[in-house]
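What follows is the content of query-v3.cif (mmCIF, C-alpha atoms).
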data_run
loop_
_atom_site.group_PDB
_atom_site.id
_atom_site.type_symbol
_atom_site.label_atom_id
_atom_site.label_comp_id
_atom_site.auth_asym_id
_atom_site.auth_seq_id
_atom_site.Cartn_x
_atom_site.Cartn_y
_atom_site.Cartn_z
ATOM 1 C CA MET A 1066 -38.254 -157.727 -116.001
ATOM 2 C CA ILE A 1067 -38.465 -154.469 -114.058
ATOM 3 C CA ASP A 1068 -35.562 -152.226 -115.086
ATOM 4 C CA GLU A 1069 -32.630 -152.022 -112.642
ATOM 5 C CA ASN A 1070 -34.363 -154.417 -110.307
ATOM 6 C CA PRO A 1071 -35.240 -152.316 -107.232
ATOM 7 C CA PHE A 1072 -35.781 -155.417 -105.112
ATOM 8 C CA LEU A 1073 -32.252 -156.800 -105.322
ATOM 9 C CA GLU A 1074 -30.486 -154.509 -102.848
ATOM 10 C CA PRO A 1075 -33.039 -154.848 -100.036
ATOM 11 C CA LEU A 1076 -33.115 -158.614 -100.601
ATOM 12 C CA LEU A 1077 -29.336 -158.858 -100.359
ATOM 13 C CA ASN A 1078 -29.473 -156.773 -97.185
ATOM 14 C CA GLY A 1079 -32.354 -158.772 -95.754
ATOM 15 C CA ASP A 1080 -34.244 -155.493 -95.387
ATOM 16 C CA THR A 1081 -37.885 -156.588 -95.169
ATOM 17 C CA GLU A 1082 -39.265 -153.089 -94.531
ATOM 18 C CA THR A 1083 -37.617 -151.616 -97.618
ATOM 19 C CA LEU A 1084 -38.553 -154.610 -99.727
ATOM 20 C CA ILE A 1085 -42.209 -154.230 -98.787
ATOM 21 C CA GLN A 1086 -41.987 -150.491 -99.500
ATOM 22 C CA LYS A 1087 -40.512 -151.144 -102.961
ATOM 23 C CA THR A 1088 -43.250 -153.685 -103.621
ATOM 24 C CA ARG A 1089 -45.962 -151.201 -102.692
ATOM 25 C CA GLU A 1090 -44.352 -148.506 -104.840
ATOM 26 C CA ALA A 1091 -44.344 -150.853 -107.836
ATOM 27 C CA LEU A 1092 -48.004 -151.721 -107.264
ATOM 28 C CA GLU A 1093 -48.988 -148.068 -106.846
ATOM 29 C CA GLY A 1094 -47.061 -147.314 -110.025
ATOM 30 C CA GLY A 1095 -49.388 -149.599 -111.963
ATOM 31 C CA SER A 1096 -47.475 -152.888 -112.041
ATOM 32 C CA ALA A 1097 -49.678 -155.977 -111.763
ATOM 33 C CA PRO A 1098 -49.029 -158.157 -108.674
ATOM 34 C CA GLU A 1099 -47.868 -161.088 -110.794
ATOM 35 C CA MET A 1100 -45.438 -158.823 -112.696
ATOM 36 C CA VAL A 1101 -43.989 -157.528 -109.422
ATOM 37 C CA LEU A 1102 -43.396 -161.116 -108.371
ATOM 38 C CA GLN A 1103 -42.379 -162.760 -111.652
ATOM 39 C CA GLY A 1104 -40.592 -159.743 -113.108
ATOM 40 C CA GLY A 1105 -38.960 -158.380 -109.980
ATOM 41 C CA LEU A 1106 -38.934 -160.353 -106.755
ATOM 42 C CA ILE A 1107 -38.264 -163.824 -108.154
ATOM 43 C CA PRO A 1108 -35.444 -162.681 -110.501
ATOM 44 C CA ALA A 1109 -33.896 -160.796 -107.558
ATOM 45 C CA MET A 1110 -34.083 -163.933 -105.423
ATOM 46 C CA GLY A 1111 -32.518 -165.798 -108.324
ATOM 47 C CA VAL A 1112 -29.548 -163.426 -108.210
ATOM 48 C CA VAL A 1113 -29.194 -164.122 -104.483
ATOM 49 C CA GLY A 1114 -29.095 -167.830 -105.297
ATOM 50 C CA GLU A 1115 -26.472 -167.294 -107.992
ATOM 51 C CA LYS A 1116 -24.320 -165.251 -105.610
ATOM 52 C CA PHE A 1117 -24.596 -168.005 -103.018
ATOM 53 C CA ARG A 1118 -23.507 -170.668 -105.501
ATOM 54 C CA SER A 1119 -20.547 -168.538 -106.596
ATOM 55 C CA GLY A 1120 -19.455 -167.866 -103.022
ATOM 56 C CA GLU A 1121 -20.245 -164.133 -103.062
ATOM 57 C CA VAL A 1122 -22.777 -164.476 -100.239
ATOM 58 C CA TYR A 1123 -23.211 -167.095 -97.557
ATOM 59 C CA ILE A 1124 -25.956 -168.938 -95.662
ATOM 60 C CA PRO A 1125 -26.693 -166.042 -93.234
ATOM 61 C CA GLU A 1126 -27.342 -163.671 -96.153
ATOM 62 C CA VAL A 1127 -29.544 -166.240 -97.884
ATOM 63 C CA LEU A 1128 -31.520 -166.728 -94.666
ATOM 64 C CA LEU A 1129 -32.037 -162.974 -94.309
ATOM 65 C CA ALA A 1130 -33.083 -162.709 -97.951
ATOM 66 C CA ALA A 1131 -35.532 -165.581 -97.529
ATOM 67 C CA ARG A 1132 -37.024 -163.945 -94.449
ATOM 68 C CA ALA A 1133 -37.429 -160.636 -96.297
ATOM 69 C CA MET A 1134 -39.031 -162.444 -99.236
ATOM 70 C CA LYS A 1135 -41.428 -164.252 -96.922
ATOM 71 C CA GLY A 1136 -42.448 -160.989 -95.259
ATOM 72 C CA THR A 1137 -43.075 -159.368 -98.605
ATOM 73 C CA MET A 1138 -45.089 -162.333 -99.868
ATOM 74 C CA ALA A 1139 -47.458 -161.843 -96.925
ATOM 75 C CA THR A 1140 -48.243 -158.436 -98.427
ATOM 76 C CA LEU A 1141 -48.355 -159.562 -102.034
ATOM 77 C CA LYS A 1142 -50.117 -162.929 -101.815
ATOM 78 C CA PRO A 1143 -53.658 -161.602 -101.120
ATOM 79 C CA LEU A 1144 -53.363 -159.444 -104.246
ATOM 80 C CA LEU A 1145 -52.188 -162.421 -106.301
ATOM 81 C CA VAL A 1146 -55.158 -164.470 -105.149
ATOM 82 C CA HIS A 1147 -57.558 -161.769 -106.357
ATOM 83 C CA SER A 1148 -55.724 -161.083 -109.597
ATOM 84 C CA SER A 1149 -56.343 -162.806 -112.902
ATOM 85 C CA GLN A 1150 -53.489 -165.204 -112.312
ATOM 86 C CA LYS A 1151 -54.422 -168.678 -113.470
ATOM 87 C CA ASP A 1152 -54.558 -171.556 -111.005
ATOM 88 C CA ALA A 1153 -51.732 -173.793 -112.181
ATOM 89 C CA GLY A 1154 -52.721 -176.795 -110.058
ATOM 90 C CA LYS A 1155 -52.152 -178.255 -106.603
ATOM 91 C CA VAL A 1156 -48.755 -179.277 -105.233
ATOM 92 C CA VAL A 1157 -47.914 -181.227 -102.073
ATOM 93 C CA ILE A 1158 -44.382 -180.569 -100.872
ATOM 94 C CA GLY A 1159 -42.181 -181.443 -97.916
ATOM 95 C CA THR A 1160 -38.692 -182.285 -96.682
ATOM 96 C CA VAL A 1161 -38.327 -186.045 -96.268
ATOM 97 C CA LYS A 1162 -38.259 -188.017 -93.018
ATOM 98 C CA GLY A 1163 -35.122 -187.561 -90.923
ATOM 99 C CA ASP A 1164 -34.267 -184.222 -92.518
ATOM 100 C CA LEU A 1165 -35.133 -180.994 -90.691
ATOM 101 C CA HIS A 1166 -33.734 -178.596 -93.294
ATOM 102 C CA ASP A 1167 -36.383 -176.456 -94.940
ATOM 103 C CA ILE A 1168 -34.722 -173.265 -96.206
ATOM 104 C CA GLY A 1169 -34.510 -174.481 -99.796
ATOM 105 C CA LYS A 1170 -37.952 -176.042 -99.610
ATOM 106 C CA ASN A 1171 -39.432 -172.786 -98.352
ATOM 107 C CA LEU A 1172 -37.899 -170.882 -101.267
ATOM 108 C CA VAL A 1173 -39.367 -173.430 -103.672
ATOM 109 C CA VAL A 1174 -42.800 -172.940 -102.077
ATOM 110 C CA MET A 1175 -42.525 -169.188 -102.736
ATOM 111 C CA MET A 1176 -41.618 -169.795 -106.366
ATOM 112 C CA MET A 1177 -44.501 -172.243 -106.828
ATOM 113 C CA GLU A 1178 -47.052 -169.940 -105.213
ATOM 114 C CA GLY A 1179 -45.790 -167.055 -107.282
ATOM 115 C CA ALA A 1180 -46.363 -169.121 -110.418
ATOM 116 C CA GLY A 1181 -49.976 -169.758 -109.444
ATOM 117 C CA TYR A 1182 -49.733 -173.205 -107.859
ATOM 118 C CA ASP A 1183 -51.876 -174.087 -104.838
ATOM 119 C CA VAL A 1184 -49.197 -175.387 -102.472
ATOM 120 C CA VAL A 1185 -49.795 -177.718 -99.532
ATOM 121 C CA ASP A 1186 -46.608 -177.493 -97.439
ATOM 122 C CA LEU A 1187 -46.208 -180.528 -95.168
ATOM 123 C CA GLY A 1188 -43.091 -179.037 -93.553
ATOM 124 C CA ALA A 1189 -39.921 -180.942 -92.645
ATOM 125 C CA ASP A 1190 -39.271 -184.504 -91.426
ATOM 126 C CA VAL A 1191 -42.255 -185.776 -93.428
ATOM 127 C CA SER A 1192 -42.798 -189.537 -93.370
ATOM 128 C CA THR A 1193 -43.652 -191.661 -96.377
ATOM 129 C CA GLU A 1194 -47.066 -192.284 -94.850
ATOM 130 C CA LYS A 1195 -47.819 -188.546 -94.678
ATOM 131 C CA PHE A 1196 -46.820 -188.050 -98.312
ATOM 132 C CA VAL A 1197 -48.990 -190.952 -99.402
ATOM 133 C CA GLU A 1198 -51.933 -189.752 -97.318
ATOM 134 C CA ALA A 1199 -51.618 -186.253 -98.782
ATOM 135 C CA VAL A 1200 -51.614 -187.621 -102.336
ATOM 136 C CA ARG A 1201 -54.670 -189.753 -101.602
ATOM 137 C CA ASN A 1202 -56.662 -186.996 -99.885
ATOM 138 C CA ARG A 1203 -55.450 -183.809 -101.580
ATOM 139 C CA LYS A 1204 -55.205 -185.197 -105.120
ATOM 140 C CA PRO A 1205 -52.311 -182.949 -106.194
ATOM 141 C CA LEU A 1206 -50.889 -182.600 -109.672
ATOM 142 C CA PHE A 1207 -47.358 -182.748 -108.235
ATOM 143 C CA ILE A 1208 -45.637 -184.064 -105.134
ATOM 144 C CA GLY A 1209 -42.330 -182.387 -104.306
ATOM 145 C CA MET A 1210 -39.715 -183.915 -102.006
ATOM 146 C CA SER A 1211 -36.606 -182.163 -100.710
ATOM 147 C CA ALA A 1212 -33.506 -183.501 -98.943
ATOM 148 C CA LEU A 1213 -30.311 -181.816 -97.804
ATOM 149 C CA LEU A 1214 -28.662 -184.932 -96.360
ATOM 150 C CA THR A 1215 -27.413 -187.831 -98.458
ATOM 151 C CA THR A 1216 -28.587 -190.166 -95.693
ATOM 152 C CA THR A 1217 -32.221 -189.091 -96.136
ATOM 153 C CA MET A 1218 -32.348 -189.253 -99.924
ATOM 154 C CA LYS A 1219 -33.400 -192.902 -99.712
ATOM 155 C CA GLU A 1220 -36.721 -191.723 -98.281
ATOM 156 C CA MET A 1221 -37.589 -190.295 -101.706
ATOM 157 C CA LYS A 1222 -37.345 -193.750 -103.265
ATOM 158 C CA GLN A 1223 -39.355 -195.276 -100.415
ATOM 159 C CA THR A 1224 -42.150 -192.757 -100.978
ATOM 160 C CA ILE A 1225 -42.276 -193.501 -104.699
ATOM 161 C CA LEU A 1226 -42.415 -197.240 -103.972
ATOM 162 C CA ALA A 1227 -45.198 -196.648 -101.457
ATOM 163 C CA LEU A 1228 -47.173 -194.631 -104.003
ATOM 164 C CA GLU A 1229 -46.806 -197.520 -106.446
ATOM 165 C CA LYS A 1230 -47.939 -200.033 -103.811
ATOM 166 C CA GLU A 1231 -51.024 -197.936 -103.042
ATOM 167 C CA GLU A 1232 -51.742 -197.570 -106.771
ATOM 168 C CA LEU A 1233 -51.372 -193.784 -106.556
ATOM 169 C CA ARG A 1234 -48.194 -193.346 -108.566
ATOM 170 C CA ASP A 1235 -49.956 -192.768 -111.883
ATOM 171 C CA ARG A 1236 -52.069 -189.998 -110.380
ATOM 172 C CA VAL A 1237 -49.230 -187.632 -109.512
ATOM 173 C CA ARG A 1238 -45.944 -186.360 -110.885
ATOM 174 C CA VAL A 1239 -43.033 -186.698 -108.481
ATOM 175 C CA ILE A 1240 -40.401 -183.966 -108.440
ATOM 176 C CA ILE A 1241 -37.330 -183.900 -106.206
ATOM 177 C CA GLY A 1242 -34.535 -181.528 -105.255
ATOM 178 C CA GLY A 1243 -31.974 -180.544 -102.637
ATOM 179 C CA ALA A 1244 -28.240 -179.964 -102.449
ATOM 180 C CA PRO A 1245 -27.098 -183.621 -102.770
ATOM 181 C CA VAL A 1246 -29.817 -184.624 -105.246
ATOM 182 C CA THR A 1247 -28.830 -185.108 -108.876
ATOM 183 C CA GLU A 1248 -30.622 -185.713 -112.143
ATOM 184 C CA ARG A 1249 -29.028 -189.144 -112.265
ATOM 185 C CA PHE A 1250 -30.513 -190.020 -108.870
ATOM 186 C CA ALA A 1251 -33.911 -188.750 -110.012
ATOM 187 C CA LYS A 1252 -33.785 -191.144 -112.958
ATOM 188 C CA GLU A 1253 -32.621 -194.020 -110.751
ATOM 189 C CA ILE A 1254 -35.658 -193.732 -108.482
ATOM 190 C CA ALA A 1255 -38.043 -193.020 -111.379
ATOM 191 C CA ALA A 1256 -38.940 -189.470 -110.321
ATOM 192 C CA ASP A 1257 -40.625 -187.396 -113.018
ATOM 193 C CA GLY A 1258 -38.548 -184.264 -112.553
ATOM 194 C CA PHE A 1259 -35.510 -182.747 -110.861
ATOM 195 C CA ALA A 1260 -34.560 -179.133 -110.150
ATOM 196 C CA SER A 1261 -31.070 -178.087 -109.121
ATOM 197 C CA ASP A 1262 -32.314 -174.968 -107.331
ATOM 198 C CA ALA A 1263 -35.432 -173.024 -106.404
ATOM 199 C CA THR A 1264 -35.199 -170.666 -109.354
ATOM 200 C CA SER A 1265 -35.475 -173.460 -111.919
ATOM 201 C CA VAL A 1266 -38.252 -175.527 -110.353
ATOM 202 C CA VAL A 1267 -41.222 -173.760 -111.984
ATOM 203 C CA ALA A 1268 -39.768 -174.074 -115.486
ATOM 204 C CA MET A 1269 -39.191 -177.774 -114.839
ATOM 205 C CA MET A 1270 -42.786 -178.236 -113.648
ATOM 206 C CA LYS A 1271 -44.187 -176.469 -116.688
ATOM 207 C CA SER A 1272 -42.128 -178.742 -118.925
ATOM 208 C CA LEU A 1273 -43.926 -181.711 -117.354
ATOM 209 C CA ALA A 1274 -47.402 -180.230 -117.783
#
How does the structure come out when it is put into structure tokens?
Amino acid sequence: MIDENPFLEPLLNGDTETLIQKTREALEGGSAPEMVLQGGLIPAMGVVGEKFRSGEVYIPEVLLAARAMKGTMATLKPLLVHSSQKDAGKVVIGTVKGDLHDIGKNLVVMMMEGAGYDVVDLGADVSTEKFVEAVRNRKPLFIGMSALLTTTMKEMKQTILALEKEELRDRVRVIIGGAPVTERFAKEIAADGFASDATSVVAMMKSLA
């Protein structure tokens, strides 16, 4: 990890301009793009997540941090694509039908892309049919489903059942997450993996590889 993480303060302040400047300084100083991301930006975002869970920061701060991270990724991503970073595989991800929340899902997308995954983001309010179609046509290694409402969690099970009906279930690993989602629920619906937050999702995916 980069010493005294220079990305943390601008992330906490939602200061996109400074965050991009710090990123460029690290790159000009000789740090590889993947090290800037994996050793600096992602750990800093992890701290933001920890502070949110402990009540030290709130949703507005997390939103500002996510926006700053997204702006910085626009600068960093082209360099990652041309670096020696290994392609970890394709992922289809989306927030399930009836649920318009995508903040957590968007953070997960950043983490996945930073780890070298080719991410197909279907957005929010994604129907079972769209998930199934994406698995059939895109042939991903993983399908990720997110839900923030307990009332929409049932859509995750419906999608898994639909994949089974279409004989696609064995072709893809299903991972789920979101505030109300638990490991117990993941087991109940026969998902392959569960992540409690965006910072732990990549480690979970690698454990399934």
Task: For A:Phe1250: contacts at 12 Å, all atoms listed in the file, fewer than 5 positions along chain excluded, given as a list of chain:residue names - done: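 Answer for this query is A:Thr1215, A:Met1218, A:Lys1219, A:Met1221, A:Lys1222, A:Ile1240, A:Ile1241, A:Gly1242, A:Gly1243, A:Pro1245, A:Ala1255, A:Ala1256, A:Asp1257, A:Gly1258, A:Phe1259, A:Ala1260, A:Ser1261.
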Please produce a file of those selected residues containing C-alpha atoms, as a CSV table (one decimal), keeping the file's coordinate frame.
chain,number,residue,atom,x,y,z
A,1215,THR,CA,-27.4,-187.8,-98.5
A,1218,MET,CA,-32.3,-189.3,-99.9
A,1219,LYS,CA,-33.4,-192.9,-99.7
A,1221,MET,CA,-37.6,-190.3,-101.7
A,1222,LYS,CA,-37.3,-193.8,-103.3
A,1240,ILE,CA,-40.4,-184.0,-108.4
A,1241,ILE,CA,-37.3,-183.9,-106.2
A,1242,GLY,CA,-34.5,-181.5,-105.3
A,1243,GLY,CA,-32.0,-180.5,-102.6
A,1245,PRO,CA,-27.1,-183.6,-102.8
A,1255,ALA,CA,-38.0,-193.0,-111.4
A,1256,ALA,CA,-38.9,-189.5,-110.3
A,1257,ASP,CA,-40.6,-187.4,-113.0
A,1258,GLY,CA,-38.5,-184.3,-112.6
A,1259,PHE,CA,-35.5,-182.7,-110.9
A,1260,ALA,CA,-34.6,-179.1,-110.2
A,1261,SER,CA,-31.1,-178.1,-109.1
Open item on the list: Can you pull out the residues contacting stretch 1074-1088 of chain A? Cut-off 10 Å, using only C-alpha atoms, and skip same-chain residues under 2 positions away; I want them as a count of residues only.
Closed with: 37
Evaluate the PyMOL selection byres ((chain A and resi 1166) around 9) here and jot the selected residues down as a PDB file with C-alpha atoms, keeping the file's coordinate frame.
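Dumped to expr39.pdb:
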ATOM      1  CA  THR A1160     -38.692-182.285 -96.682  1.00  0.00           C
ATOM      2  CA  ASP A1164     -34.267-184.222 -92.518  1.00  0.00           C
ATOM      3  CA  LEU A1165     -35.133-180.994 -90.691  1.00  0.00           C
ATOM      4  CA  ASP A1167     -36.383-176.456 -94.940  1.00  0.00           C
ATOM      5  CA  ILE A1168     -34.722-173.265 -96.206  1.00  0.00           C
ATOM      6  CA  GLY A1169     -34.510-174.481 -99.796  1.00  0.00           C
ATOM      7  CA  LYS A1170     -37.952-176.042 -99.610  1.00  0.00           C
ATOM      8  CA  ALA A1189     -39.921-180.942 -92.645  1.00  0.00           C
ATOM      9  CA  ASP A1190     -39.271-184.504 -91.426  1.00  0.00           C
ATOM     10  CA  SER A1211     -36.606-182.163-100.710  1.00  0.00           C
ATOM     11  CA  ALA A1212     -33.506-183.501 -98.943  1.00  0.00           C
ATOM     12  CA  LEU A1213     -30.311-181.816 -97.804  1.00  0.00           C
ATOM     13  CA  LEU A1214     -28.662-184.932 -96.360  1.00  0.00           C
TER      14      LEU A1214
END
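From atom CA of A:Pro1205 back to atom CA of A:Val1157, the distance works out to 6.3 Å.
Taking atom CA of A:Asp1183 and atom CA of A:Asp1152 as the two end points, the separation is 7.2 Å.
Separating atom CA of A:Ala1097 from atom CA of A:Glu1178 is a distance of 15.6 Å.
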Open item on the list: Once the PyMOL selection byres ((chain A and resi 1235) around 12) is applied to the coordinates I shared, what remains selected? I want it as a PyMOL selection string.
Closed with: chain A and resi 1200-1201+1204-1208+1225-1226+1228-1234+1236-1239+1255-1257
Take the residues that were just selected and, keeping C-alpha atoms, output them as a compact mmCIF listing (two decimals), keeping the file's coordinate frame.
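So the final result, stored in selection.txt, reads:
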# COMPACT_ATOMS: atom_id res chain seq x y z
CA VAL A 1200 -51.61 -187.62 -102.34
CA ARG A 1201 -54.67 -189.75 -101.60
CA LYS A 1204 -55.20 -185.20 -105.12
CA PRO A 1205 -52.31 -182.95 -106.19
CA LEU A 1206 -50.89 -182.60 -109.67
CA PHE A 1207 -47.36 -182.75 -108.24
CA ILE A 1208 -45.64 -184.06 -105.13
CA ILE A 1225 -42.28 -193.50 -104.70
CA LEU A 1226 -42.42 -197.24 -103.97
CA LEU A 1228 -47.17 -194.63 -104.00
CA GLU A 1229 -46.81 -197.52 -106.45
CA LYS A 1230 -47.94 -200.03 -103.81
CA GLU A 1231 -51.02 -197.94 -103.04
CA GLU A 1232 -51.74 -197.57 -106.77
CA LEU A 1233 -51.37 -193.78 -106.56
CA ARG A 1234 -48.19 -193.35 -108.57
CA ARG A 1236 -52.07 -190.00 -110.38
CA VAL A 1237 -49.23 -187.63 -109.51
CA ARG A 1238 -45.94 -186.36 -110.88
CA VAL A 1239 -43.03 -186.70 -108.48
CA ALA A 1255 -38.04 -193.02 -111.38
CA ALA A 1256 -38.94 -189.47 -110.32
CA ASP A 1257 -40.62 -187.40 -113.02
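Proximity ranking of A:Leu1073, A:Ala1268, A:Gly1095, A:Lys1142 relative to A:Gly1179 places A:Lys1142 first, based on all atoms listed in the file.
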Open item on the list: as a PyMOL selection string, please: the residues near A:Met1176 (cut-off 9 Å, all atoms listed in the file, same-chain neighbours under 6 positions excluded).
Closed with: chain A and resi 1103+1107+1182+1263-1264+1266-1267
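Ranking A:Gly1188, A:Gly1114, A:Gly1159, A:Gly1104 by their shortest atom-to-atom distance to A:Gly1209, with only C-alpha atoms included, puts A:Gly1159 first.
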Task: Residues selected by the PyMOL selection byres ((chain A and resi 1194) around 10), written as an MDAnalysis selection string - done: chainID A and resid 1162 1191:1193 1195:1200 1223:1224 1227:1228
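If you measure from each of A:Thr1247, A:Asn1171, A:Ser1272, A:Ser1265 to A:Glu1115 using all atoms listed in the file, the closest one turns out to be A:Ser1265.
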To box stretch 1131-1139 of chain A, take all atoms listed in the file, fit an axis-aligned box, add 8 Å on each side, and give centre and edge lengths in Å to one decimal, as JSON.
{"center_x": -41.5, "center_y": -162.5, "center_z": -97.2, "size_x": 27.9, "size_y": 22.2, "size_z": 21.4}
Would you output stretch 1099-1164 of chain A from that structure, restricted to C-alpha atoms, as a compact mmCIF listing (two decimals), in the first residue's frame?
# COMPACT_ATOMS: atom_id res chain seq x y z
CA GLU A 1099 -2.65 -1.05 -11.08
CA MET A 1100 -0.60 -0.19 -7.96
CA VAL A 1101 -2.19 3.27 -7.79
CA LEU A 1102 -5.59 1.61 -7.89
CA GLN A 1103 -5.02 -1.52 -5.81
CA GLY A 1104 -2.52 0.01 -3.40
CA GLY A 1105 -4.02 3.46 -3.01
CA LEU A 1106 -7.46 4.27 -4.35
CA ILE A 1107 -9.27 1.05 -3.43
CA PRO A 1108 -7.86 0.92 0.14
CA ALA A 1109 -8.85 4.58 0.56
CA MET A 1110 -12.37 3.80 -0.64
CA GLY A 1111 -12.37 0.89 1.79
CA VAL A 1112 -11.68 3.31 4.64
CA VAL A 1113 -14.63 5.43 3.49
CA GLY A 1114 -16.79 2.31 3.64
CA GLU A 1115 -15.54 1.47 7.13
CA LYS A 1116 -16.25 5.01 8.33
CA PHE A 1117 -19.76 4.78 6.90
CA ARG A 1118 -20.44 1.49 8.68
CA SER A 1119 -19.16 2.92 11.97
CA GLY A 1120 -21.27 6.06 11.65
CA GLU A 1121 -18.33 8.46 11.18
CA VAL A 1122 -19.56 9.54 7.74
CA TYR A 1123 -22.97 9.43 6.14
CA ILE A 1124 -24.61 8.79 2.76
CA PRO A 1125 -23.84 12.29 1.34
CA GLU A 1126 -20.11 11.82 2.03
CA VAL A 1127 -20.17 8.34 0.49
CA LEU A 1128 -21.92 9.72 -2.60
CA LEU A 1129 -19.30 12.47 -2.96
CA ALA A 1130 -16.50 9.94 -2.51
CA ALA A 1131 -18.04 7.66 -5.12
CA ARG A 1132 -18.34 10.54 -7.56
CA ALA A 1133 -14.70 11.50 -7.00
CA MET A 1134 -13.64 7.88 -7.47
CA LYS A 1135 -15.63 7.63 -10.69
CA GLY A 1136 -14.03 10.80 -12.05
CA THR A 1137 -10.57 9.52 -11.23
CA MET A 1138 -11.26 6.13 -12.80
CA ALA A 1139 -12.02 7.91 -16.08
CA THR A 1140 -8.40 9.09 -16.00
CA LEU A 1141 -6.90 5.84 -14.79
CA LYS A 1142 -8.89 3.23 -16.72
CA PRO A 1143 -7.27 3.81 -20.16
CA LEU A 1144 -3.86 3.26 -18.54
CA LEU A 1145 -5.06 0.07 -16.87
CA VAL A 1146 -6.31 -1.27 -20.19
CA HIS A 1147 -2.88 -0.76 -21.75
CA SER A 1148 -0.93 -2.05 -18.77
CA SER A 1149 0.11 -5.64 -18.19
CA GLN A 1150 -2.86 -6.25 -15.95
CA LYS A 1151 -4.32 -9.68 -16.60
CA ASP A 1152 -7.87 -10.05 -17.86
CA ALA A 1153 -9.62 -11.75 -14.96
CA GLY A 1154 -12.78 -12.64 -16.89
CA LYS A 1155 -16.16 -11.19 -17.79
CA VAL A 1156 -18.82 -10.19 -15.25
CA VAL A 1157 -22.45 -9.22 -15.82
CA ILE A 1158 -23.85 -7.12 -12.99
CA GLY A 1159 -27.02 -5.22 -12.16
CA THR A 1160 -29.49 -4.17 -9.47
CA VAL A 1161 -32.54 -6.43 -9.55
CA LYS A 1162 -36.00 -5.59 -10.87
CA GLY A 1163 -37.98 -3.13 -8.75
CA ASP A 1164 -34.87 -1.68 -7.13
